[in-house]
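Enquirer: Below you'll find run07.tsv; it's TSV, C-alpha atoms.
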```tsv
chain	number	residue	atom	x	y	z
A	300	GLY	CA	123.42	171.99	117.63
A	301	GLU	CA	123.08	168.80	119.60
A	302	ASN	CA	125.83	166.18	119.43
A	303	VAL	CA	125.43	162.69	120.86
A	304	GLU	CA	128.38	160.39	121.49
A	305	GLN	CA	127.91	156.69	122.17
A	306	HIS	CA	130.27	154.04	123.60
A	307	PRO	CA	131.30	151.36	123.05
A	308	SER	CA	130.94	150.87	119.31
A	309	THR	CA	130.95	147.09	119.77
A	310	LEU	CA	130.15	144.98	122.80
A	311	SER	CA	130.35	141.23	123.15
A	312	VAL	CA	128.91	139.51	126.21
A	313	GLN	CA	128.09	135.98	127.26
A	314	GLU	CA	124.47	134.97	127.47
A	315	GLY	CA	123.11	135.83	130.89
A	316	ASP	CA	125.59	138.64	131.51
A	317	SER	CA	124.67	142.32	131.67
A	318	ALA	CA	125.40	144.88	128.97
A	319	VAL	CA	125.81	148.61	129.46
A	320	ILE	CA	125.89	151.23	126.71
A	321	LYS	CA	126.65	154.85	127.48
A	322	CYS	CA	125.84	158.11	125.74
A	323	THR	CA	126.69	161.72	126.32
A	324	TYR	CA	124.92	164.72	124.86
A	325	SER	CA	126.01	168.31	124.44
A	326	ASP	CA	122.84	170.40	124.55
A	327	SER	CA	121.66	170.98	128.09
A	328	ALA	CA	118.21	171.80	126.69
A	329	SER	CA	117.70	168.18	125.58
A	330	ASN	CA	114.92	166.63	127.58
A	331	TYR	CA	113.93	163.38	125.87
A	332	PHE	CA	116.22	160.38	125.46
A	333	PRO	CA	114.98	157.28	123.60
A	334	TRP	CA	116.87	154.08	122.90
A	335	TYR	CA	116.37	152.06	119.75
A	336	LYS	CA	117.22	148.53	118.69
A	337	GLN	CA	117.87	147.96	115.01
A	338	GLU	CA	118.30	144.60	113.38
A	339	LEU	CA	120.10	144.37	110.06
A	340	GLY	CA	118.11	145.95	107.25
A	341	LYS	CA	115.14	146.77	109.46
A	342	ARG	CA	113.59	149.81	111.05
A	343	PRO	CA	114.70	151.08	114.46
A	344	GLN	CA	112.45	149.91	117.27
A	345	LEU	CA	111.95	151.96	120.40
A	346	ILE	CA	112.85	149.84	123.42
A	347	ILE	CA	112.76	152.42	126.20
A	348	ASP	CA	112.80	156.17	126.65
A	349	ILE	CA	113.28	158.62	129.47
A	350	ARG	CA	112.46	162.24	130.03
A	351	SER	CA	114.65	164.71	131.85
A	352	ASN	CA	112.39	164.90	134.88
A	353	VAL	CA	113.17	161.27	135.71
A	354	GLY	CA	116.51	159.78	136.75
A	355	GLU	CA	115.82	156.14	136.02
A	356	LYS	CA	113.29	153.99	134.22
A	357	LYS	CA	113.01	150.23	134.05
A	358	ASP	CA	111.08	147.82	131.88
A	359	GLN	CA	111.71	144.16	132.70
A	360	ARG	CA	115.33	143.44	131.68
A	361	ILE	CA	115.98	146.91	130.32
A	362	ALA	CA	116.72	150.06	132.28
A	363	VAL	CA	117.86	153.55	131.42
A	364	THR	CA	119.56	156.01	133.74
A	365	LEU	CA	119.99	159.73	133.21
A	366	ASN	CA	122.46	162.13	134.81
A	367	LYS	CA	121.44	165.61	133.69
A	368	THR	CA	124.31	167.31	135.46
A	369	ALA	CA	126.90	165.26	133.63
A	370	LYS	CA	124.77	165.01	130.48
A	371	HIS	CA	125.10	161.24	130.46
A	372	PHE	CA	122.52	158.54	129.95
A	373	SER	CA	122.98	154.80	129.85
A	374	LEU	CA	121.17	151.66	128.74
A	375	HIS	CA	121.39	148.60	130.95
A	376	ILE	CA	120.33	145.16	129.71
A	377	THR	CA	120.36	142.36	132.27
A	378	GLU	CA	120.24	138.61	131.69
A	379	THR	CA	121.14	139.06	128.05
A	380	GLN	CA	119.84	136.59	125.48
A	381	PRO	CA	121.05	135.83	121.94
A	382	GLU	CA	117.99	137.62	120.55
A	383	ASP	CA	119.26	140.82	122.16
A	384	SER	CA	122.03	140.84	119.53
A	385	ALA	CA	121.52	143.93	117.35
A	386	VAL	CA	122.69	147.51	116.93
A	387	TYR	CA	121.50	149.86	119.64
A	388	PHE	CA	121.20	153.61	119.17
A	389	CYS	CA	120.67	156.29	121.74
A	390	ALA	CA	119.14	159.61	120.77
A	391	ALA	CA	118.42	163.01	122.26
A	392	SER	CA	115.81	165.62	121.58
A	393	THR	CA	115.22	169.15	122.77
A	394	GLY	CA	111.53	168.90	122.03
A	395	GLY	CA	109.85	171.98	120.71
A	396	ALA	CA	107.55	172.06	117.75
A	397	THR	CA	109.40	169.47	115.71
A	398	ASN	CA	110.95	167.25	118.39
A	399	LYS	CA	113.75	166.12	116.08
A	400	LEU	CA	116.04	163.34	117.25
A	401	ILE	CA	119.80	163.37	117.07
A	402	PHE	CA	121.19	159.85	117.12
A	403	GLY	CA	124.33	158.44	118.65
A	404	THR	CA	126.77	156.44	116.56
A	405	GLY	CA	125.43	153.05	117.55
A	406	THR	CA	126.64	149.98	119.47
A	407	LEU	CA	126.78	146.54	117.94
A	408	LEU	CA	125.86	144.13	120.73
A	409	ALA	CA	126.71	140.48	120.27
A	410	VAL	CA	125.40	138.03	122.85
A	411	GLN	CA	127.33	134.77	122.70
A	412	PRO	CA	125.29	131.64	123.58
B	296	GLY	CA	98.43	151.07	116.15
B	297	ALA	CA	100.94	153.75	114.98
B	298	VAL	CA	102.04	152.02	111.79
B	299	VAL	CA	104.22	153.76	109.21
B	300	SER	CA	104.77	152.30	105.77
B	301	GLN	CA	107.25	153.14	103.05
B	302	HIS	CA	107.18	152.42	99.36
B	303	PRO	CA	109.11	151.05	97.64
B	304	SER	CA	111.09	148.85	100.02
B	305	TRP	CA	113.96	148.80	97.55
B	306	VAL	CA	114.74	150.47	94.26
B	307	ILE	CA	117.54	150.36	91.73
B	308	CYS	CA	117.92	153.28	89.36
B	309	LYS	CA	120.41	154.55	86.86
B	310	SER	CA	122.64	157.52	87.53
B	311	GLY	CA	120.97	160.78	86.56
B	312	THR	CA	117.40	159.63	87.08
B	313	SER	CA	115.02	160.63	89.87
B	314	VAL	CA	113.43	158.40	92.45
B	315	LYS	CA	110.40	159.06	94.65
B	316	ILE	CA	109.93	157.40	98.02
B	317	GLU	CA	106.60	157.51	99.83
B	318	CYS	CA	106.06	157.49	103.57
B	319	ARG	CA	102.57	156.92	104.94
B	320	SER	CA	101.12	156.89	108.43
B	321	LEU	CA	98.44	154.22	108.20
B	322	ASP	CA	96.41	154.66	111.38
B	323	PHE	CA	97.18	158.13	112.70
B	324	GLN	CA	97.62	161.65	111.49
B	325	ALA	CA	101.25	162.68	111.33
B	326	THR	CA	101.70	166.36	111.94
B	327	THR	CA	105.46	166.00	111.54
B	328	MET	CA	107.48	163.58	109.45
B	329	PHE	CA	111.21	163.11	109.41
B	330	TRP	CA	113.54	161.73	106.76
B	331	TYR	CA	116.76	159.97	107.65
B	332	ARG	CA	119.60	158.47	105.64
B	333	GLN	CA	121.64	155.56	106.92
B	334	PHE	CA	124.83	154.36	105.24
B	335	PRO	CA	126.08	150.82	105.98
B	336	LYS	CA	127.29	150.36	109.55
B	337	GLN	CA	126.52	153.98	110.36
B	338	SER	CA	123.93	155.84	112.37
B	339	LEU	CA	120.72	157.48	111.24
B	340	MET	CA	121.41	160.98	109.96
B	341	LEU	CA	118.46	163.36	109.95
B	342	MET	CA	118.02	164.91	106.53
B	343	ALA	CA	114.93	167.04	107.00
B	344	THR	CA	111.81	167.66	109.02
B	345	SER	CA	108.50	168.29	107.34
B	346	ASN	CA	105.22	169.57	108.69
B	347	GLU	CA	102.01	169.09	106.80
B	348	GLY	CA	101.30	171.95	104.45
B	349	SER	CA	104.58	173.78	104.92
B	350	LYS	CA	108.08	173.67	103.51
B	351	ALA	CA	110.51	171.15	104.89
B	352	THR	CA	113.37	172.21	107.14
B	353	TYR	CA	116.63	170.71	105.96
B	354	GLU	CA	119.62	169.86	108.12
B	355	GLN	CA	122.92	171.52	107.45
B	356	GLY	CA	124.70	169.99	104.50
B	357	VAL	CA	121.60	168.46	102.91
B	358	GLU	CA	120.85	169.87	99.46
B	359	LYS	CA	117.21	170.87	99.38
B	360	ASP	CA	117.16	171.05	95.57
B	361	LYS	CA	118.42	167.48	95.35
B	362	PHE	CA	116.23	165.94	98.03
B	363	LEU	CA	112.74	167.26	97.44
B	364	ILE	CA	110.31	166.69	100.27
B	365	ASN	CA	106.57	167.12	100.06
B	366	HIS	CA	104.18	166.67	102.98
B	367	ALA	CA	100.89	167.33	101.28
B	368	SER	CA	98.62	165.56	103.74
B	369	LEU	CA	98.60	164.39	107.34
B	370	THR	CA	99.26	160.83	106.22
B	371	LEU	CA	101.71	161.16	103.34
B	372	SER	CA	105.17	162.57	102.84
B	373	THR	CA	107.37	161.98	99.82
B	374	LEU	CA	111.11	162.23	99.28
B	375	THR	CA	112.34	162.63	95.72
B	376	VAL	CA	116.01	162.10	95.06
B	377	THR	CA	116.69	164.08	91.91
B	378	SER	CA	119.51	163.32	89.49
B	379	ALA	CA	120.62	160.43	91.63
B	380	HIS	CA	124.28	159.41	91.70
B	381	PRO	CA	125.99	156.32	93.12
B	382	GLU	CA	126.94	158.23	96.27
B	383	ASP	CA	123.21	158.66	96.99
B	384	SER	CA	122.91	154.90	97.41
B	385	SER	CA	121.74	154.41	100.96
B	386	PHE	CA	118.96	153.24	103.27
B	387	TYR	CA	116.33	155.98	103.55
B	388	ILE	CA	114.02	155.81	106.56
B	389	CYS	CA	111.09	158.03	107.42
B	390	SER	CA	109.44	158.51	110.75
B	391	ALA	CA	106.22	160.16	111.80
B	392	ARG	CA	105.04	161.87	114.92
B	393	GLY	CA	101.40	162.22	115.83
B	394	GLY	CA	99.65	165.32	116.96
B	395	THR	CA	98.99	164.40	120.58
B	396	GLY	CA	100.83	166.85	122.76
B	397	GLY	CA	102.14	164.41	125.32
B	398	SER	CA	103.72	161.90	122.98
B	399	ARG	CA	107.34	162.37	121.98
B	400	GLU	CA	107.62	159.04	120.21
B	401	GLN	CA	108.46	158.82	116.54
B	402	TYR	CA	107.21	155.84	114.57
B	403	PHE	CA	109.61	154.59	111.93
B	404	GLY	CA	108.89	153.23	108.50
B	405	PRO	CA	110.58	150.02	107.31
B	406	GLY	CA	113.05	151.91	105.14
B	407	THR	CA	113.83	152.06	101.43
B	408	ARG	CA	117.07	150.66	100.07
B	409	LEU	CA	118.20	152.84	97.14
B	410	THR	CA	120.91	151.62	94.81
B	411	VAL	CA	122.11	153.94	92.05
B	412	THR	CA	124.07	152.27	89.28
```
Would you write out, as structure tokens, the structure that this file holds?

Expert:
Amino acid sequence: GENVEQHPSTLSVQEGDSAVIKCTYSDSASNYFPWYKQELGKRPQLIIDIRSNVGEKKDQRIAVTLNKTAKHFSLHITETQPEDSAVYFCAASTGGATNKLIFGTGTLLAVQP
Amino acid sequence: GAVVSQHPSWVICKSGTSVKIECRSLDFQATTMFWYRQFPKQSLMLMATSNEGSKATYEQGVEKDKFLINHASLTLSTLTVTSAHPEDSSFYICSARGGTGGSREQYFGPGTRLTVT
């Protein structure tokens, strides 16, 4: 089955700097890659997603890149703000009838003011 | 739109008792619902996938007789933890996916914190 690895496990940046989180997946059939932000004790919130027919997607300060050949995808946050501090999870899905998500291990991002 | 609720938000129960958690899609019909478990400082682990009107599909290592899932309608799925033990204490989160073919997004519930004493 699918396996998703995520790095780093913790990331500390200064406010205004960029943050990059990387994930790799094992199943070449995976074709949907969402990223979630989760604050302590709360539900995961979708912040951006990308499908395998696209190499890059951007939404204001957030961008995701996908390298299907290498089976890598990355989250880029620019101009970080203290409110970006949270745990970020990547996920991968092969689609199909159920479209189940397999999550990465998570990255705790701390943005220092 | 696309709101998913869970009830209760937290529950404390004694070892050996059973606990039922409800997951509802409030403004859309959820053809598929998912149940996840999240231990402190860990990722979301998929427990099972349920489709309305059919039996749930459990992930490897998840005991289907211990974690009973029922998806009786397009807006409600329930997870019953039977004979709960302290090691079942965790954050249980459901998500729901609508029926529209183009959407891959899952909408997450707020989670249920289960503590077994």

Enquirer: Please, which residues in chain B fall within 10 Å of chain A when counting only C-alpha atoms, and what is the closest atom pair and distance in Å to one decimal for each, ordered by chain then residue number, as a tab-separated table?

Expert:
```
residue	atom	partner	partner_atom	distance
B:Thr326	CA	A:Thr397	CA	9.1
B:Thr327	CA	A:Thr397	CA	6.7
B:Met328	CA	A:Thr397	CA	8.8
B:Phe329	CA	A:Lys399	CA	7.7
B:Pro335	CA	A:Gly340	CA	9.4
B:Lys336	CA	A:Gly405	CA	8.6
B:Gln337	CA	A:Thr404	CA	6.7
B:Ser338	CA	A:Thr404	CA	5.1
B:Leu339	CA	A:Phe402	CA	6.4
B:Met340	CA	A:Phe402	CA	7.3
B:Leu341	CA	A:Ile401	CA	7.2
B:Ala343	CA	A:Lys399	CA	9.2
B:Thr344	CA	A:Thr397	CA	7.3
B:Ser345	CA	A:Thr397	CA	8.5
B:Asn346	CA	A:Thr397	CA	8.2
B:Thr352	CA	A:Thr397	CA	9.8
B:Phe386	CA	A:Gly340	CA	8.3
B:Ile388	CA	A:Arg342	CA	7.5
B:Cys389	CA	A:Arg342	CA	9.3
B:Ser390	CA	A:Arg342	CA	9.6
B:Arg392	CA	A:Asn398	CA	8.7
B:Gly396	CA	A:Ala396	CA	9.9
B:Arg399	CA	A:Asn398	CA	7.1
B:Glu400	CA	A:Pro333	CA	8.3
B:Gln401	CA	A:Leu345	CA	8.6
B:Tyr402	CA	A:Gln344	CA	8.4
B:Phe403	CA	A:Arg342	CA	6.3
B:Gly404	CA	A:Arg342	CA	6.3
B:Pro405	CA	A:Arg342	CA	4.8
B:Gly406	CA	A:Arg342	CA	6.3
B:Thr407	CA	A:Gly340	CA	9.5
B:Arg408	CA	A:Gly340	CA	8.6
```

Enquirer: With distances taken over all atoms listed in the file, which of A:Ala385, A:Leu374, A:Ile346, A:Leu408 is nearest to Lys321 in chain A?

Expert: A:Leu374

Enquirer: Have a look at CA of Ala379 in chain B and CA of Ala325 in chain B and let me know their distance in Å, one decimal.

Expert: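 CA of Ala379 in chain B sits 27.7 Å away from CA of Ala325 in chain B.
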
Enquirer: Using all atoms listed in the file, which of A:Thr393, A:Asn352, A:Thr368, A:Thr379 sits nearest Val319 in chain A?

Expert: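 Checking each of A:Thr393, A:Asn352, A:Thr368, A:Thr379 against Val319 in chain A, counting all atoms listed in the file, the winner is A:Thr379.
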
Enquirer: Could you list, as a list in words, every residue within 6 Å of Ser313 in chain B, counting only C-alpha atoms and ignoring same-chain residues fewer than 2 positions away?

Expert: Val376, Thr377, Ser378 and Ala379 of chain B

Enquirer: Could you jot down the CA of Ser349 in chain B to CA of Ser372 in chain B separation for me, Å, one decimal place?

Expert: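 Spanning CA of Ser349 in chain B to CA of Ser372 in chain B is a straight-line distance of 11.4 Å.
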
Enquirer: Range 409-411 of chain A: which residues within 6 Å, counting only C-alpha atoms, same-chain residues fewer than 4 positions away excluded, as a compact mmCIF listing (two decimals) with C-alpha atoms, keeping the file's coordinate frame?

Expert:
```txt
# COMPACT_ATOMS: atom_id res chain seq x y z
CA SER A 311 130.35 141.23 123.15
CA VAL A 312 128.91 139.51 126.21
CA GLN A 313 128.09 135.98 127.26
CA GLU A 314 124.47 134.97 127.47
CA PRO A 381 121.05 135.83 121.94
CA SER A 384 122.03 140.84 119.53
```

Enquirer: So what do you get for CA of Ile316 in chain B versus CA of Ala391 in chain A, distance-wise?

Expert: 26.3 Å

Enquirer: A:Lys357, A:Thr377, A:Pro307, A:Asn366: which is nearest Ile320 in chain A, counting all atoms listed in the file?

Expert: A:Pro307

Enquirer: Of the residues B:Ile307, B:Leu371, B:Met342, B:Leu409, which is the one nearest to Ser320 in chain B, using only C-alpha atoms?

Expert: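 Of B:Ile307, B:Leu371, B:Met342, B:Leu409, the one nearest Ser320 in chain B, counting only C-alpha atoms, is B:Leu371.
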
Enquirer: Go through B:Ser368, B:Gly393, B:Lys359, B:Thr373 and flag the residue nearest Pro303 in chain B, using all atoms listed in the file for the distances.

Expert: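 Closest residue, counting all atoms listed in the file: B:Thr373.
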
Enquirer: I'd like the box whose edges run along x, y and z of the file and which contains every listed atom of range 323-341 of chain A, padded by 4 Å per side; could you state its centre and edge lengths in Å, one decimal, as AutoDock Vina command-line options?

Expert:
```
--center_x 120.3 --center_y 158.1 --center_z 117.7 --size_x 20.8 --size_y 35.4 --size_z 28.8
```
